[in-house]
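> You'll find run-v6.pdb just under this line, and it carries PDB, C-alpha atoms.
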ATOM      1  CA  MET W   4      93.493 101.804  86.460
ATOM      2  CA  THR W   5      92.192  98.296  85.865
ATOM      3  CA  PHE W   6      93.468  95.031  87.275
ATOM      4  CA  GLU W   7      95.286  94.360  83.983
ATOM      5  CA  ASP W   8      96.932  97.811  84.153
ATOM      6  CA  PHE W   9      98.238  97.062  87.645
ATOM      7  CA  ARG W  10      99.424  93.593  86.581
ATOM      8  CA  ARG W  11     101.481  95.168  83.797
ATOM      9  CA  SER W  12     103.456  97.133  86.410
ATOM     10  CA  MET W  13     104.152  94.061  88.531
ATOM     11  CA  GLY W  14     107.848  93.585  89.187
ATOM     12  CA  HIS W  15     108.621  97.174  88.244
ATOM     13  CA  SER W  16     110.599  99.432  90.587
ATOM     14  CA  SER W  17     111.154 103.123  91.084
ATOM     15  CA  ARG W  18     114.600 104.630  90.663
ATOM     16  CA  PRO W  19     116.200 104.972  94.120
ATOM     17  CA  VAL W  20     115.696 108.413  95.651
ATOM     18  CA  ARG W  21     118.290 110.054  97.871
ATOM     19  CA  ASN W  22     116.970 111.000 101.329
ATOM     20  CA  GLU W  23     118.879 112.811 104.059
ATOM     21  CA  ILE W  24     117.851 112.012 107.615
ATOM     22  CA  GLU W  25     117.513 115.248 109.552
ATOM     23  CA  LYS W  26     117.342 115.667 113.321
ATOM     24  CA  GLY W  27     114.396 118.026 113.045
ATOM     25  CA  ALA W  28     112.450 115.492 110.994
ATOM     26  CA  ILE W  29     113.077 112.773 113.596
ATOM     27  CA  ARG W  30     112.024 115.059 116.451
ATOM     28  CA  ARG W  31     108.849 116.182 114.634
ATOM     29  CA  PHE W  32     107.918 112.615 113.717
ATOM     30  CA  ALA W  33     108.502 111.312 117.259
ATOM     31  CA  ALA W  34     106.463 114.216 118.682
ATOM     32  CA  ALA W  35     103.625 113.497 116.228
ATOM     33  CA  ILE W  36     103.378 109.879 117.391
ATOM     34  CA  GLY W  37     103.630 111.049 121.013
ATOM     35  CA  ASP W  38     106.894 109.216 121.716
ATOM     36  CA  PHE W  39     109.179 111.314 123.892
ATOM     37  CA  ASN W  40     111.923 108.731 124.311
ATOM     38  CA  PRO W  41     115.103 110.870 124.663
ATOM     39  CA  ARG W  42     116.907 108.810 122.018
ATOM     40  CA  TYR W  43     114.656 110.521 119.407
ATOM     41  CA  HIS W  44     114.928 114.016 120.891
ATOM     42  CA  ASP W  45     118.074 114.619 122.939
ATOM     43  CA  ASP W  46     121.208 114.831 120.811
ATOM     44  CA  SER W  47     123.472 115.147 123.847
ATOM     45  CA  ARG W  48     122.840 111.480 124.721
ATOM     46  CA  ARG W  49     125.364 110.116 122.235
ATOM     47  CA  SER W  50     128.940 111.270 121.839
ATOM     48  CA  ASP W  51     128.416 111.616 118.071
ATOM     49  CA  GLY W  52     125.338 113.817 118.627
ATOM     50  CA  ARG W  53     123.134 111.659 116.415
ATOM     51  CA  LEU W  54     119.467 110.879 117.009
ATOM     52  CA  LEU W  55     118.035 107.409 116.427
ATOM     53  CA  ALA W  56     115.021 107.198 114.101
ATOM     54  CA  PRO W  57     111.830 105.533 115.455
ATOM     55  CA  PRO W  58     110.844 102.148 113.914
ATOM     56  CA  THR W  59     108.292 103.563 111.467
ATOM     57  CA  PHE W  60     110.301 106.682 110.569
ATOM     58  CA  SER W  61     111.216 105.284 107.138
ATOM     59  CA  ARG W  62     107.621 106.051 106.105
ATOM     60  CA  THR W  63     108.687 109.679 105.815
ATOM     61  CA  PHE W  64     111.172 108.966 102.999
ATOM     62  CA  GLU W  65     110.592 109.582  99.315
ATOM     63  CA  TYR W  66     110.699 106.295  97.396
ATOM     64  CA  GLY W  67     110.101 107.576  93.877
ATOM     65  CA  SER W  68     107.319 106.457  91.594
ATOM     66  CA  ILE W  69     106.938 103.408  89.404
ATOM     67  CA  GLU W  70     106.561 104.376  85.778
ATOM     68  CA  GLY W  71     103.049 103.909  84.458
ATOM     69  CA  LEU W  72     101.608 103.434  87.916
ATOM     70  CA  THR W  73      99.644 106.576  88.751
ATOM     71  CA  PHE W  74      96.237 106.662  90.360
ATOM     72  CA  ALA W  75      94.260 108.713  92.836
ATOM     73  CA  ARG W  76      94.918 107.949  96.474
ATOM     74  CA  GLU W  77      91.264 108.335  97.402
ATOM     75  CA  GLY W  78      89.592 105.091  98.293
ATOM     76  CA  LEU W  79      92.827 103.261  99.098
ATOM     77  CA  ILE W  80      92.931 101.136 102.208
ATOM     78  CA  HIS W  81      96.181 100.263 103.962
ATOM     79  CA  GLY W  82      95.710  96.568 104.712
ATOM     80  CA  GLU W  83      99.024  95.323 106.051
ATOM     81  CA  GLN W  84     102.498  96.608 106.828
ATOM     82  CA  SER W  85     105.797  95.024 107.798
ATOM     83  CA  PHE W  86     109.324  96.179 108.550
ATOM     84  CA  THR W  87     112.602  94.258 108.696
ATOM     85  CA  TYR W  88     115.671  95.980 110.108
ATOM     86  CA  TYR W  89     119.299  95.254 109.329
ATOM     87  CA  GLU W  90     120.981  98.453 110.556
ATOM     88  CA  PRO W  91     119.580 101.302 112.665
ATOM     89  CA  LEU W  92     118.886 104.649 111.007
ATOM     90  CA  TYR W  93     120.373 107.789 112.554
ATOM     91  CA  SER W  94     120.262 111.484 111.813
ATOM     92  CA  GLY W  95     123.011 112.605 109.476
ATOM     93  CA  MET W  96     122.738 109.486 107.302
ATOM     94  CA  THR W  97     122.030 109.667 103.594
ATOM     95  CA  VAL W  98     119.939 106.772 102.336
ATOM     96  CA  PHE W  99     118.628 105.654  98.955
ATOM     97  CA  CYS W 100     115.041 104.448  98.833
ATOM     98  CA  SER W 101     113.083 102.589  96.185
ATOM     99  CA  THR W 102     109.762 100.830  95.878
ATOM    100  CA  THR W 103     108.742  97.783  93.836
ATOM    101  CA  LEU W 104     105.259  96.560  92.985
ATOM    102  CA  ARG W 105     105.827  92.957  94.027
ATOM    103  CA  ASP W 106     102.394  91.443  93.576
ATOM    104  CA  VAL W 107      98.882  92.284  92.384
ATOM    105  CA  TYR W 108      95.834  90.144  93.042
ATOM    106  CA  GLU W 109      92.097  90.527  93.047
ATOM    107  CA  ARG W 110      89.523  89.397  95.572
ATOM    108  CA  VAL W 111      85.782  89.719  95.518
ATOM    109  CA  GLY W 112      84.308  90.563  98.904
ATOM    110  CA  SER W 113      81.157  92.090 100.338
ATOM    111  CA  LEU W 114      82.229  95.492  99.021
ATOM    112  CA  GLY W 115      82.695  94.192  95.479
ATOM    113  CA  ALA W 116      85.955  93.555  93.668
ATOM    114  CA  MET W 117      89.072  94.773  95.410
ATOM    115  CA  ILE W 118      92.579  94.881  94.008
ATOM    116  CA  PHE W 119      95.448  94.137  96.392
ATOM    117  CA  LEU W 120      98.772  95.813  95.628
ATOM    118  CA  VAL W 121     101.827  94.464  97.449
ATOM    119  CA  TYR W 122     104.701  96.955  97.522
ATOM    120  CA  GLY W 123     108.204  96.270  98.779
ATOM    121  CA  GLN W 124     110.379  99.185  99.857
ATOM    122  CA  GLU W 125     114.134  99.175 100.342
ATOM    123  CA  VAL W 126     116.367 101.587 102.236
ATOM    124  CA  ARG W 127     120.053 101.313 101.312
ATOM    125  CA  ASN W 128     123.202 103.267 102.085
ATOM    126  CA  ALA W 129     125.538 104.771  99.463
ATOM    127  CA  ASP W 130     127.473 101.464  99.292
ATOM    128  CA  GLY W 131     124.266  99.647  98.397
ATOM    129  CA  ASP W 132     123.972  97.802 101.728
ATOM    130  CA  LEU W 133     120.390  97.032 102.680
ATOM    131  CA  LEU W 134     119.515  98.807 105.949
ATOM    132  CA  GLU W 135     115.786  98.243 106.106
ATOM    133  CA  GLU W 136     113.019  96.609 104.100
ATOM    134  CA  SER W 137     109.291  97.115 104.374
ATOM    135  CA  THR W 138     106.193  95.802 102.679
ATOM    136  CA  SER W 139     102.818  97.461 102.334
ATOM    137  CA  VAL W 140      99.600  95.847 101.191
ATOM    138  CA  ILE W 141      97.334  98.492  99.697
ATOM    139  CA  ILE W 142      93.748  97.658  98.840
ATOM    140  CA  PHE W 143      92.331  99.509  95.879
ATOM    141  CA  ARG W 144      88.598  99.570  95.462
ATOM    142  CA  ASP W 145      87.046 101.048  92.416
ATOM    143  CA  LYS W 146      85.239 104.341  93.071
ATOM    144  CA  GLU W 147      82.232 102.894  91.208
ATOM    145  CA  VAL W 148      81.814 100.261  93.884
ATOM    146  CA  ALA W 149      79.151 101.348  96.363
ATOM    147  CA  LEU W 150      80.025 101.040 100.030
TER     148      LEU W 150
ATOM    149  CA  MET H  17     112.488  95.173 137.072
ATOM    150  CA  ALA H  18     113.213  94.584 133.416
ATOM    151  CA  PHE H  19     110.854  92.397 131.394
ATOM    152  CA  SER H  20     112.014  88.762 131.366
ATOM    153  CA  PHE H  21     110.560  87.674 127.990
ATOM    154  CA  ALA H  22     109.293  84.393 129.463
ATOM    155  CA  LEU H  23     107.249  82.195 127.152
ATOM    156  CA  HIS H  24     103.524  83.134 127.172
ATOM    157  CA  GLU H  25     104.240  86.184 129.330
ATOM    158  CA  GLU H  26     102.033  89.183 128.550
ATOM    159  CA  LEU H  27     103.838  92.342 127.511
ATOM    160  CA  PRO H  28     103.191  95.347 129.783
ATOM    161  CA  THR H  29     100.550  97.402 127.984
ATOM    162  CA  LEU H  30     101.000 100.935 126.675
ATOM    163  CA  THR H  31      97.959 103.232 126.684
ATOM    164  CA  LYS H  32      98.347 106.372 124.622
ATOM    165  CA  PRO H  33      96.471 109.639 125.156
ATOM    166  CA  PRO H  34      93.293 109.758 123.016
ATOM    167  CA  VAL H  35      94.033 110.456 119.347
ATOM    168  CA  SER H  36      93.217 114.092 118.591
ATOM    169  CA  ARG H  37      92.500 115.897 115.340
ATOM    170  CA  ILE H  38      95.559 118.056 115.969
ATOM    171  CA  GLN H  39      97.638 114.883 116.229
ATOM    172  CA  LEU H  40      96.334 113.725 112.836
ATOM    173  CA  VAL H  41      97.359 117.061 111.296
ATOM    174  CA  GLN H  42     100.713 116.835 113.085
ATOM    175  CA  TYR H  43     101.227 113.252 111.845
ATOM    176  CA  ALA H  44     100.239 114.207 108.299
ATOM    177  CA  GLY H  45     102.877 116.942 108.322
ATOM    178  CA  ALA H  46     105.588 114.845 109.959
ATOM    179  CA  SER H  47     105.001 111.771 107.780
ATOM    180  CA  GLY H  48     104.147 113.472 104.495
ATOM    181  CA  ASP H  49     100.910 111.466 104.247
ATOM    182  CA  PHE H  50      98.433 114.161 103.285
ATOM    183  CA  ASN H  51      95.573 111.868 102.288
ATOM    184  CA  PRO H  52      92.671 114.182 103.239
ATOM    185  CA  ILE H  53      90.545 111.394 104.752
ATOM    186  CA  HIS H  54      92.763 111.833 107.821
ATOM    187  CA  THR H  55      92.361 115.575 108.193
ATOM    188  CA  VAL H  56      89.301 116.907 106.338
ATOM    189  CA  ASP H  57      85.844 115.646 107.388
ATOM    190  CA  GLU H  58      84.209 116.529 104.039
ATOM    191  CA  GLU H  59      86.776 114.419 102.178
ATOM    192  CA  ALA H  60      86.375 111.526 104.605
ATOM    193  CA  ILE H  61      82.588 111.645 104.236
ATOM    194  CA  ALA H  62      82.919 111.772 100.435
ATOM    195  CA  SER H  63      84.922 108.523 100.737
ATOM    196  CA  GLY H  64      82.070 106.871 102.613
ATOM    197  CA  LEU H  65      83.512 107.302 106.123
ATOM    198  CA  PRO H  66      81.642 108.853 109.053
ATOM    199  CA  GLY H  67      84.441 111.432 109.471
ATOM    200  CA  VAL H  68      88.223 111.629 109.555
ATOM    201  CA  ILE H  69      90.068 108.474 110.585
ATOM    202  CA  ALA H  70      93.590 108.126 111.962
ATOM    203  CA  HIS H  71      96.441 107.045 109.713
ATOM    204  CA  GLY H  72      96.955 103.303 110.167
ATOM    205  CA  MET H  73     100.671 104.061 110.413
ATOM    206  CA  LEU H  74     100.062 106.303 113.427
ATOM    207  CA  THR H  75      98.498 103.406 115.329
ATOM    208  CA  MET H  76     101.305 101.134 114.112
ATOM    209  CA  ALA H  77     103.785 103.652 115.531
ATOM    210  CA  PHE H  78     102.056 103.279 118.928
ATOM    211  CA  VAL H  79     102.731  99.524 118.749
ATOM    212  CA  GLY H  80     106.306 100.362 117.771
ATOM    213  CA  GLN H  81     106.629 102.416 120.948
ATOM    214  CA  LEU H  82     105.318  99.489 122.995
ATOM    215  CA  LEU H  83     108.146  97.363 121.572
ATOM    216  CA  THR H  84     110.955  99.910 121.842
ATOM    217  CA  ASP H  85     109.903 100.867 125.408
ATOM    218  CA  LEU H  86     109.911  97.182 126.279
ATOM    219  CA  LEU H  87     113.334  96.566 124.740
ATOM    220  CA  GLY H  88     115.065  99.648 126.097
ATOM    221  CA  GLU H  89     118.777  98.904 125.739
ATOM    222  CA  GLN H  90     118.204  95.142 126.196
ATOM    223  CA  GLY H  91     117.759  94.281 122.546
ATOM    224  CA  THR H  92     116.535  95.270 119.136
ATOM    225  CA  LEU H  93     113.442  94.975 116.995
ATOM    226  CA  ARG H  94     114.293  92.769 114.039
ATOM    227  CA  HIS H  95     111.003  92.328 112.171
ATOM    228  CA  TRP H  96     107.321  93.079 112.664
ATOM    229  CA  GLN H  97     104.223  92.822 110.601
ATOM    230  CA  VAL H  98     100.709  94.001 111.278
ATOM    231  CA  ARG H  99      97.279  93.829 109.743
ATOM    232  CA  PHE H 100      95.031  96.883 110.006
ATOM    233  CA  ARG H 101      91.729  95.483 111.196
ATOM    234  CA  GLY H 102      89.678  98.472 112.195
ATOM    235  CA  MET H 103      89.459 102.226 111.955
ATOM    236  CA  VAL H 104      90.628 104.635 114.653
ATOM    237  CA  PHE H 105      88.685 107.871 115.116
ATOM    238  CA  PRO H 106      89.583 111.106 116.926
ATOM    239  CA  GLY H 107      88.928 110.584 120.643
ATOM    240  CA  ASP H 108      89.820 106.879 120.558
ATOM    241  CA  GLU H 109      92.171 105.838 123.345
ATOM    242  CA  ILE H 110      94.500 103.133 122.050
ATOM    243  CA  THR H 111      96.064 100.460 124.210
ATOM    244  CA  CYS H 112      98.866  98.323 122.801
ATOM    245  CA  GLY H 113      99.919  94.980 124.151
ATOM    246  CA  GLY H 114     101.002  91.479 123.277
ATOM    247  CA  ARG H 115     102.310  88.161 124.465
ATOM    248  CA  VAL H 116     105.512  86.163 124.046
ATOM    249  CA  LYS H 117     104.727  83.155 121.857
ATOM    250  CA  GLU H 118     108.102  81.725 120.791
ATOM    251  CA  ARG H 119     111.649  81.816 122.072
ATOM    252  CA  ALA H 120     114.802  80.457 120.537
ATOM    253  CA  GLU H 121     118.254  80.888 122.030
ATOM    254  CA  GLU H 122     120.892  81.642 119.413
ATOM    255  CA  GLY H 123     124.003  81.883 121.567
ATOM    256  CA  ALA H 124     124.447  85.316 123.131
ATOM    257  CA  VAL H 125     121.175  86.459 121.566
ATOM    258  CA  THR H 126     117.682  85.057 122.010
ATOM    259  CA  ARG H 127     115.053  85.449 119.324
ATOM    260  CA  VAL H 128     111.701  86.302 120.918
ATOM    261  CA  VAL H 129     108.513  86.270 118.849
ATOM    262  CA  CYS H 130     105.498  88.100 120.264
ATOM    263  CA  ASP H 131     101.914  88.544 119.165
ATOM    264  CA  VAL H 132     101.073  92.237 119.305
ATOM    265  CA  PHE H 133      97.821  94.179 119.142
ATOM    266  CA  ALA H 134      96.315  97.633 119.409
ATOM    267  CA  ARG H 135      92.760  98.043 120.632
ATOM    268  CA  THR H 136      90.359 100.798 121.526
ATOM    269  CA  ARG H 137      88.864 101.270 124.976
ATOM    270  CA  ASP H 138      85.717  99.459 123.831
ATOM    271  CA  GLU H 139      87.828  96.414 122.934
ATOM    272  CA  ARG H 140      87.833  96.821 119.164
ATOM    273  CA  VAL H 141      91.061  95.326 117.834
ATOM    274  CA  VAL H 142      92.428  97.799 115.271
ATOM    275  CA  ILE H 143      95.832  96.199 114.715
ATOM    276  CA  ALA H 144      96.940  92.591 115.094
ATOM    277  CA  GLY H 145     100.397  91.361 114.259
ATOM    278  CA  GLU H 146     103.634  89.768 115.250
ATOM    279  CA  ALA H 147     107.083  91.055 116.197
ATOM    280  CA  THR H 148     110.495  89.382 116.331
ATOM    281  CA  LEU H 149     112.851  90.803 118.934
ATOM    282  CA  MET H 150     116.513  89.995 119.418
ATOM    283  CA  VAL H 151     117.322  90.138 123.127
ATOM    284  CA  ALA H 152     120.578  89.512 124.992
ATOM    285  CA  THR H 153     120.291  85.939 126.301
ATOM    286  CA  GLN H 154     121.530  87.059 129.734
ATOM    287  CA  ASP H 155     118.419  89.289 130.006
ATOM    288  CA  VAL H 156     115.823  86.570 129.412
ATOM    289  CA  SER H 157     114.599  84.079 131.960
TER     290      SER H 157
END
Please express the file's structure as structure tokens.

Amino acid sequence: MTFEDFRRSMGHSSRPVRNEIEKGAIRRFAAAIGDFNPRYHDDSRRSDGRLLAPPTFSRTFEYGSIEGLTFAREGLIHGEQSFTYYEPLYSGMTVFCSTTLRDVYERVGSLGAMIFLVYGQEVRNADGDLLEESTSVIIFRDKEVAL
Amino acid sequence: MAFSFALHEELPTLTKPPVSRIQLVQYAGASGDFNPIHTVDEEAIASGLPGVIAHGMLTMAFVGQLLTDLLGEQGTLRHWQVRFRGMVFPGDEITCGGRVKERAEEGAVTRVVCDVFARTRDERVVIAGEATLMVATQDVS
């Protein structure tokens, strides 16, 4: 995809995707990051038996794809990431997740031209309340560009 | 003693066990990020890397643990943002830390802004960022 192709998708969003937060998924994710805080593992800690999700757990959700925006993942660099939390995420919750291509810009550096893609992700509940927002800056360098 | 969140106070550091190849496979599976540059050397080399590199989000999760360990039940993480500044390779031992740089009392809750970082043992900064924590005012000094 060229810079112009990316620009055409700017402002476009995916359709929200339903995700169910499972205890096993929280435990596996927490184990993978080496965080053995009992709040992510021990479901006898809370009277409702729920497990809290770690701060970056929302990365595991499906966010859907933006129409017309398909490209190989090879060569992508994750430049920046942010999270803003409004409500904690627990096992047993069903959430609806979408992604928007918020901005696209180009910069020429020592590695040649690089395209910066700024994505915004939203996690909402069934009532549409915003629970969590995140942004990702992805740097796309053309495969033709020599390292 | 609980952390007091005093202005300019350094956060207690968190040093994680060295990142292993098994951990990268485990993180790929748990996160759903199967980009092969994190798990298959041939693919990483074909992308111009010396070998597999850790997922940036894995290192960010280490910084997340620093913050949630620090907060315990005293408060919550409201917002954080990081820049990925360097690559992490299998065998790298990551230390996370930071420093309180702003504090604003908002009644029963105090907003605490910290600089945060993750670095390797040889002092390469791989993540630099900022986190906003909401802490019970009675727990800050």
> Using all atoms listed in the file, can you tell me which of W:Val98, W:Glu65, W:Leu92, W:Ala33 comes closest to Asp45 of chain W?
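Comparing W:Val98, W:Glu65, W:Leu92, W:Ala33 against Asp45 of chain W, the winner is W:Ala33.
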> Pull out every residue that the PyMOL selection byres ((chain H) within 7 of (chain W)) matches in the shown coordinates and put them as a ChimeraX atom specification.
/H:39,42-43,46-48,63-64,72,74,77-78,80-81,94-100
> If we count all atoms listed in the file, what is near His24 of chain H at a cut-off of 6 Å, once residues fewer than 3 positions away on the same chain are taken out, given as a ChimeraX atom specification?
/H:115-117
> At a cut-off of 10 Å, using all atoms listed in the file, what residues contact Glu70 of chain W? Leave out same-chain residues fewer than 3 positions from it and give the result as a VMD selection string.
chain W and resid 12 15 to 18 67 73
> Can you tell me how far atom CA of Gly113 of chain H sits from atom CA of Thr29 of chain H, in Å to one decimal?
4.6 Å
> For the PyMOL selection byres ((chain W and resi 52) around 12), applied here, can you spell out every residue it catches as an MDAnalysis selection string?
chainID W and resid 26 42:51 53:55 93:95
> Can you pull out every residue within 8 Å of Arg137 of chain H, counting only C-alpha atoms, but drop anything in the same chain fewer than 5 positions away, and send it as an MDAnalysis selection string?
chainID H and resid 108:111
> Hey, can you check how far atom CA of Pro33 of chain H sits from atom CA of Thr136 of chain H?
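So the two atoms, atom CA of Pro33 of chain H and atom CA of Thr136 of chain H, lie 11.3 Å apart.
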> Provide the atom CA of Thr92 of chain H to atom CA of Arg127 of chain W distance in Å, to one decimal place.
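Straight-line distance from atom CA of Thr92 of chain H to atom CA of Arg127 of chain W works out to 19.1 Å.
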> The centre and edge lengths of an axis-aligned box containing all atoms of segment 32-39 of chain H present in the file, extended by 4 Å on each side, are to be given in Å to one decimal, as AutoDock Vina command-line options.

--center_x 95.4 --center_y 112.2 --center_z 120.2 --size_x 13.8 --size_y 19.7 --size_z 17.8
> As a check of understanding, name the residues that the PyMOL selection byres ((chain H and resi 114) around 12) selects in the supplied structure, as a PDB file with C-alpha atoms, in the coordinates of the input.

ATOM      1  CA  PHE H  21     110.560  87.674 127.990  1.00  0.00           C
ATOM      2  CA  LEU H  23     107.249  82.195 127.152  1.00  0.00           C
ATOM      3  CA  HIS H  24     103.524  83.134 127.172  1.00  0.00           C
ATOM      4  CA  GLU H  25     104.240  86.184 129.330  1.00  0.00           C
ATOM      5  CA  GLU H  26     102.033  89.183 128.550  1.00  0.00           C
ATOM      6  CA  LEU H  27     103.838  92.342 127.511  1.00  0.00           C
ATOM      7  CA  PRO H  28     103.191  95.347 129.783  1.00  0.00           C
ATOM      8  CA  THR H  29     100.550  97.402 127.984  1.00  0.00           C
ATOM      9  CA  LEU H  30     101.000 100.935 126.675  1.00  0.00           C
ATOM     10  CA  VAL H  79     102.731  99.524 118.749  1.00  0.00           C
ATOM     11  CA  GLY H  80     106.306 100.362 117.771  1.00  0.00           C
ATOM     12  CA  LEU H  82     105.318  99.489 122.995  1.00  0.00           C
ATOM     13  CA  LEU H  83     108.146  97.363 121.572  1.00  0.00           C
ATOM     14  CA  LEU H  86     109.911  97.182 126.279  1.00  0.00           C
ATOM     15  CA  THR H 111      96.064 100.460 124.210  1.00  0.00           C
ATOM     16  CA  CYS H 112      98.866  98.323 122.801  1.00  0.00           C
ATOM     17  CA  GLY H 113      99.919  94.980 124.151  1.00  0.00           C
ATOM     18  CA  ARG H 115     102.310  88.161 124.465  1.00  0.00           C
ATOM     19  CA  VAL H 116     105.512  86.163 124.046  1.00  0.00           C
ATOM     20  CA  LYS H 117     104.727  83.155 121.857  1.00  0.00           C
ATOM     21  CA  VAL H 129     108.513  86.270 118.849  1.00  0.00           C
ATOM     22  CA  CYS H 130     105.498  88.100 120.264  1.00  0.00           C
ATOM     23  CA  ASP H 131     101.914  88.544 119.165  1.00  0.00           C
ATOM     24  CA  VAL H 132     101.073  92.237 119.305  1.00  0.00           C
ATOM     25  CA  PHE H 133      97.821  94.179 119.142  1.00  0.00           C
ATOM     26  CA  ALA H 134      96.315  97.633 119.409  1.00  0.00           C
ATOM     27  CA  ARG H 135      92.760  98.043 120.632  1.00  0.00           C
ATOM     28  CA  VAL H 141      91.061  95.326 117.834  1.00  0.00           C
ATOM     29  CA  ILE H 143      95.832  96.199 114.715  1.00  0.00           C
ATOM     30  CA  ALA H 144      96.940  92.591 115.094  1.00  0.00           C
ATOM     31  CA  GLY H 145     100.397  91.361 114.259  1.00  0.00           C
ATOM     32  CA  GLU H 146     103.634  89.768 115.250  1.00  0.00           C
ATOM     33  CA  ALA H 147     107.083  91.055 116.197  1.00  0.00           C
ATOM     34  CA  THR H 148     110.495  89.382 116.331  1.00  0.00           C
TER      35      THR H 148
END
> Considering only C-alpha atoms, state which residue in the set W:Arg144, W:Arg110, W:Arg21, W:Arg11 is at the smallest distance from Asn128 of chain W.
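Of the candidates, the smallest distance to Asn128 of chain W is held by W:Arg21.
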> Tell me which protein, DNA and RNA residues are within 12 Å of Thr5 of chain W, counting all atoms listed in the file, leaving out same-chain ones fewer than 5 positions away, and put them as JSON, numbers by chain.
{"W": [10, 11, 12, 72, 73, 74, 107, 108, 109, 116, 117, 118, 119, 143, 144, 145, 146]}
> Here is a test: counting only C-alpha atoms, which residue of W:Val111, W:Ile24, W:Ala129, W:Met4 is nearest to Phe99 of chain W?
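Checking each candidate against Phe99 of chain W, we get W:Ala129 as the closest.
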> Choose the residue, out of W:Tyr66, W:Val121, W:Asp132, W:Thr103, that has the smallest atom-to-atom separation from Gly14 of chain W; count all atoms listed in the file.
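Of all the options, W:Thr103 lies closest to Gly14 of chain W.
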